[in-house]
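Undergrad: Take this structure first; my questions come after.
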Amino acid sequence: MELVRVLRMNGDLRGTSYANNSLVQRRVILLTSPIREEAISELYSSSSSSINGKLCVAELGCSSGPNALFVATEIVKTVHKICQKYGYSLPEFQIQLNDLPGNDFNSIFQSSLPSFQAELLPVLQEVGCPNQCFVSGVPGSFYSRLFAAKTLHFVHSSYSLMWLSKVPQGLEKNKENIYMASKSPVQVINAYYEQFQIDFSTFLRCRSVEVVSGGRMVLTILGRKTEDAVSTKKYCYIWDLMALSLQHMVSEGVIEKEKLESFNIPQYTPSPEEVKNEVEKEGSFTVSRLESSEITWVACWPEPEPNNNDAGDYLAQCMRSVTEPLLVNHFGQLVIDQLFQIYSQILSQHISDEDAKFSNVTVSLTRRSEQVPS
């Protein structure tokens with residue numbers, strides 16, 4: 001399977017789209033807002049001369065829907081406040097939205113961009129610069145070069161870097177598991193970790209060329225708090241329950257057992273220490289801040305106190321919006337509705353479990369100054 005071709009969130013604005021089922025991602029973005037504001041403030045105070053009238057921002061793994069330009073809106077407003085405070089001129093903003101080529105870029109520019117422009121118009125008109133913000137799409141893998149050298153001042157990514165560039169090799173003995181699980185052989189855990197190390201170090205090397213000295217990156221990754229990848233069920237629980245749903249369909253003869261045993265999720269949820277280790281090994285960035293946080297599964301639901309059935313259905317829709325293209329590519333379209341009906345029922349039974357949470361790792365990085373040869 002060529003992952004670049006099939007990995008994407010559900011596009012358009014239908015009921016199972018990512019645009020309509022990404023509330024938990026929005027809440028994680030809101031949760032990490034103080035870290036971004038701090039990074040932007042420090043960037044501006046230390047690098048205002050290198051910004052030189054233009055602030056270039058990259059949103060990596062933007063997907064589609066209202067979250068795609070949410071952080072960009074926040075950044076423009078933060079910079080506006082800083083400029084007011086210190087008497088600076090507001091820079092031009094170059095916002096570059098990146099995701100894989102299969103992403104629904106059309107809906108961003110048809111639906112999200114007009115809302116973005118309307119929200120920022122009063123801010124830009126206040127300083128007499130209504131045409132100060134430029135937005136472009138950049139399709140491609142962030143595990144490769146995407147931008148010209150030394151052009152980016154700020155890079156943001158949220159809930160994207162846990163996706164690997166490919167399914168790790170050596171997972172043949174993972175059998176009915178679709179991800180790392182408590183019963184997975186140690187070589188399976190090691191294979192996932194090694195692929196994360198390769199991919200994250202590649203990501204850092206690529207960005208090190210593109211980010212200016214003193215530039216910032218704030219990355220939030222679906223991760224875990226503990227060093228042991230599978231000792232606490234909550235870090236793999238969402239995939240354990242999907243595997244249970246698929247096993248149920250195998251028992252009913254809907255899915256072939258061989259199909260299930262050959263399917264693995266191309267994702268790794270790192271610990272804070274694992275993220276820090278890769279940053280230090282690569283060497284181009286310093287860690288300014290490293291934090292972990294948690295958000296309950298119930299946060300997927302827009303109401304304050306949903307019943308378990310409603311919350312389970314909503315979480316299943318959330319997961320469908322993220323995984324459907326991968327599942328269709330492997331199992332076919334015909335089984336998808338039935339799979340998520342079963343998954344919704346299983347989630348409803350487990351959503352109140354104590355460990356039913358998503359864990360996040362957020363790291364704020366600063367590009368080291370390059371040493372000039374003496």
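Ordering of the structure tokens sets the chain letters (A, B, ...), residue numbers begin anew at 1 in every chain, and ligands are numbered from 1 in the order given.
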When DSSP works through the backbone of this structure, what residues of region 112-260 of chain A end up as strand (DSSP E), shown as a ChimeraX atom specification?
TA: /A:133-139,152-158,211-223
Undergrad: Excluding Asp104 (chain A) and its own-chain neighbours fewer than 3 positions away, which residues fall within 9 Å of it when counting only C-alpha atoms? Please give them as a PyMOL selection string.
TA: chain A and resi 8-12+63-65+101+107-108
Undergrad: Got time to write the residues from that selection, N, CA, C and O atoms, as a compact mmCIF listing (two decimals), in the first residue's frame?
TA:
```
# COMPACT_ATOMS: atom_id res chain seq x y z
N ARG A 8 -5.73 10.06 4.01
CA ARG A 8 -6.37 11.38 4.01
C ARG A 8 -7.59 11.31 4.91
O ARG A 8 -8.10 10.24 5.21
N MET A 9 -8.05 12.45 5.34
CA MET A 9 -9.30 12.51 6.08
C MET A 9 -10.45 12.58 5.08
O MET A 9 -10.27 12.96 3.92
N ASN A 10 -11.66 12.20 5.51
CA ASN A 10 -12.82 12.29 4.62
C ASN A 10 -13.07 13.74 4.23
O ASN A 10 -13.16 14.62 5.09
N GLY A 11 -13.20 13.97 2.93
CA GLY A 11 -13.39 15.32 2.44
C GLY A 11 -14.84 15.74 2.37
O GLY A 11 -15.73 15.08 2.93
N ASP A 12 -15.10 16.84 1.73
CA ASP A 12 -16.38 17.51 1.50
C ASP A 12 -17.10 17.83 2.81
O ASP A 12 -16.48 17.87 3.88
N SER A 63 -5.52 19.21 6.80
CA SER A 63 -6.78 18.57 6.48
C SER A 63 -7.75 19.60 5.90
O SER A 63 -7.34 20.49 5.16
N SER A 64 -9.04 19.50 6.22
CA SER A 64 -10.02 20.45 5.69
C SER A 64 -11.03 20.76 6.79
O SER A 64 -10.98 20.20 7.87
N GLY A 65 -11.95 21.66 6.49
CA GLY A 65 -12.93 22.04 7.49
C GLY A 65 -12.49 23.24 8.31
O GLY A 65 -11.46 23.88 8.01
N PRO A 101 -1.56 14.94 -1.15
CA PRO A 101 -2.29 15.35 -2.36
C PRO A 101 -3.76 14.98 -2.38
O PRO A 101 -4.56 15.66 -3.03
N SER A 107 -12.34 22.29 -0.70
CA SER A 107 -13.31 22.77 0.30
C SER A 107 -12.70 23.85 1.20
O SER A 107 -13.42 24.72 1.69
N ILE A 108 -11.37 23.79 1.40
CA ILE A 108 -10.72 24.85 2.19
C ILE A 108 -10.90 26.19 1.50
O ILE A 108 -11.32 27.18 2.11
```
Undergrad: I'd like to know which residues of region 89-317 of chain A are helix (DSSP H, G or I) (by DSSP, run on the backbone); could you write them as a count of residues only?
TA: 98
Undergrad: Near Glu282 (chain A), within 8 Å and counting only C-alpha atoms, which residues show up once chain neighbours fewer than 3 positions away are dropped, as a PyMOL selection string?
TA: chain A and resi 201+204-205+278-279+285
Undergrad: If you count only C-alpha atoms, which residues fall within 9 Å of Glu324 (chain A), apart from same-chain ones fewer than 2 positions away, as a short mmCIF file (atom, residue, chain, number, x, y, z; two decimals) with C-alpha atoms, in the first residue's frame?
TA:
```
data_model
loop_
_atom_site.label_atom_id
_atom_site.label_comp_id
_atom_site.auth_asym_id
_atom_site.auth_seq_id
_atom_site.Cartn_x
_atom_site.Cartn_y
_atom_site.Cartn_z
CA ARG A 8 -6.37 11.38 4.01
CA MET A 9 -9.30 12.51 6.08
CA ASN A 10 -12.82 12.29 4.62
CA MET A 319 -12.91 7.87 13.83
CA ARG A 320 -14.65 7.14 10.53
CA SER A 321 -13.78 10.60 9.23
CA VAL A 322 -10.11 9.83 9.95
CA LEU A 326 -7.53 3.53 4.76
CA LEU A 327 -10.23 0.98 5.58
CA VAL A 328 -11.88 1.23 2.17
CA ASN A 329 -8.53 0.72 0.46
CA GLN A 333 -16.47 0.11 0.59
CA ILE A 336 -17.81 0.24 6.04
#
```
Undergrad: Name all residues at most 9 Å from region 209-215 of chain A (count only C-alpha atoms; drop same-chain ones fewer than 4 positions away) and give them as a compact mmCIF listing (two decimals) with N, CA, C and O atoms, in the first residue's frame.
TA:
```txt
# COMPACT_ATOMS: atom_id res chain seq x y z
N LEU A 43 9.14 34.69 19.29
CA LEU A 43 9.65 34.84 17.92
C LEU A 43 9.71 36.31 17.54
O LEU A 43 10.72 36.78 17.01
N SER A 46 12.39 38.32 19.50
CA SER A 46 13.80 37.99 19.23
C SER A 46 14.16 38.06 17.77
O SER A 46 15.34 38.16 17.43
N SER A 47 13.17 38.05 16.87
CA SER A 47 13.49 37.93 15.44
C SER A 47 12.75 38.95 14.59
O SER A 47 12.59 38.73 13.40
N SER A 50 14.46 39.82 11.37
CA SER A 50 14.50 38.81 10.31
C SER A 50 13.13 38.62 9.66
O SER A 50 13.05 38.14 8.53
N ARG A 145 11.01 17.58 1.68
CA ARG A 145 11.08 19.03 1.57
C ARG A 145 9.80 19.56 0.91
O ARG A 145 9.30 19.02 -0.06
N LEU A 146 9.31 20.69 1.44
CA LEU A 146 8.08 21.29 0.93
C LEU A 146 8.24 22.76 0.56
O LEU A 146 7.50 23.28 -0.28
N PHE A 147 9.20 23.45 1.20
CA PHE A 147 9.33 24.89 1.06
C PHE A 147 10.77 25.27 0.73
O PHE A 147 11.70 24.50 0.98
N ALA A 148 10.94 26.47 0.19
CA ALA A 148 12.28 26.96 -0.11
C ALA A 148 13.09 27.13 1.17
O ALA A 148 12.53 27.31 2.27
N ALA A 149 14.39 27.06 1.05
CA ALA A 149 15.27 27.15 2.21
C ALA A 149 15.13 28.51 2.90
O ALA A 149 15.00 29.56 2.25
N LYS A 150 15.14 28.45 4.23
CA LYS A 150 15.15 29.66 5.08
C LYS A 150 14.02 30.63 4.75
O LYS A 150 14.22 31.84 4.63
N THR A 151 12.81 30.09 4.62
CA THR A 151 11.65 30.95 4.32
C THR A 151 10.58 30.93 5.40
O THR A 151 9.73 31.82 5.43
N LEU A 152 10.58 29.93 6.28
CA LEU A 152 9.50 29.78 7.26
C LEU A 152 9.90 30.41 8.60
O LEU A 152 10.99 30.15 9.11
N HIS A 153 9.00 31.20 9.16
CA HIS A 153 9.21 31.77 10.49
C HIS A 153 8.52 30.94 11.57
O HIS A 153 9.01 30.84 12.70
N PHE A 154 7.39 30.35 11.23
CA PHE A 154 6.62 29.61 12.23
C PHE A 154 5.96 28.41 11.56
O PHE A 154 5.32 28.54 10.51
N VAL A 155 6.11 27.25 12.18
CA VAL A 155 5.51 26.00 11.68
C VAL A 155 4.61 25.45 12.77
O VAL A 155 4.99 25.37 13.94
N LEU A 204 12.29 16.55 10.97
CA LEU A 204 13.11 17.61 11.56
C LEU A 204 14.21 18.08 10.62
O LEU A 204 14.48 19.29 10.51
N ARG A 205 14.84 17.14 9.90
CA ARG A 205 15.88 17.53 8.95
C ARG A 205 15.31 18.40 7.83
O ARG A 205 15.93 19.40 7.43
N LEU A 365 9.58 24.24 19.65
CA LEU A 365 10.98 24.15 19.23
C LEU A 365 11.47 25.48 18.66
O LEU A 365 10.70 26.22 18.05
N THR A 366 12.75 25.74 18.83
CA THR A 366 13.39 26.93 18.27
C THR A 366 14.54 26.48 17.37
O THR A 366 15.37 25.66 17.76
N ARG A 367 14.56 27.03 16.16
CA ARG A 367 15.64 26.70 15.22
C ARG A 367 16.94 27.31 15.72
O ARG A 367 17.04 28.51 15.99
N ARG A 368 17.95 26.47 15.86
CA ARG A 368 19.26 26.94 16.31
C ARG A 368 19.87 27.89 15.27
O ARG A 368 19.64 27.75 14.06
N SER A 369 20.67 28.82 15.74
CA SER A 369 21.41 29.68 14.82
C SER A 369 22.51 28.86 14.19
O SER A 369 23.19 28.06 14.85
N GLU A 370 22.69 29.05 12.89
CA GLU A 370 23.72 28.31 12.19
C GLU A 370 25.09 28.93 12.48
O GLU A 370 25.24 30.15 12.52
```
Undergrad: Which one is closest to Val167 (chain A): A:Ile51, A:Val24, A:Cys133, A:Ala191? Count only C-alpha atoms.
TA: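 Closest residue, counting only C-alpha atoms: A:Ala191.
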Undergrad: Using only C-alpha atoms, which residue out of A:Leu100, A:Leu90, A:Leu244, A:Met249 lies closest to Asp337 (chain A)?
TA: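 Smallest separation from Asp337 (chain A) among the options: A:Met249.
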Undergrad: So, counting only C-alpha atoms, which residue among A:Glu274, A:Glu119, A:Glu252, A:Glu258 is closest to Glu194 (chain A)?
TA: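 Looking at the shortest contact to Glu194 (chain A), the residue is A:Glu274.
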Undergrad: When distances are computed from only C-alpha atoms, which of A:Asn106, A:Asn67, A:Thr202, A:Ser184 shows the smallest separation from Cys236 (chain A)?
TA: A:Ser184
Undergrad: Give me the residues within 7 Å of Tyr159 (chain A) as a ChimeraX atom specification, counting only C-alpha atoms and dropping any in the same chain fewer than 3 places off.
TA: /A:162,220-222
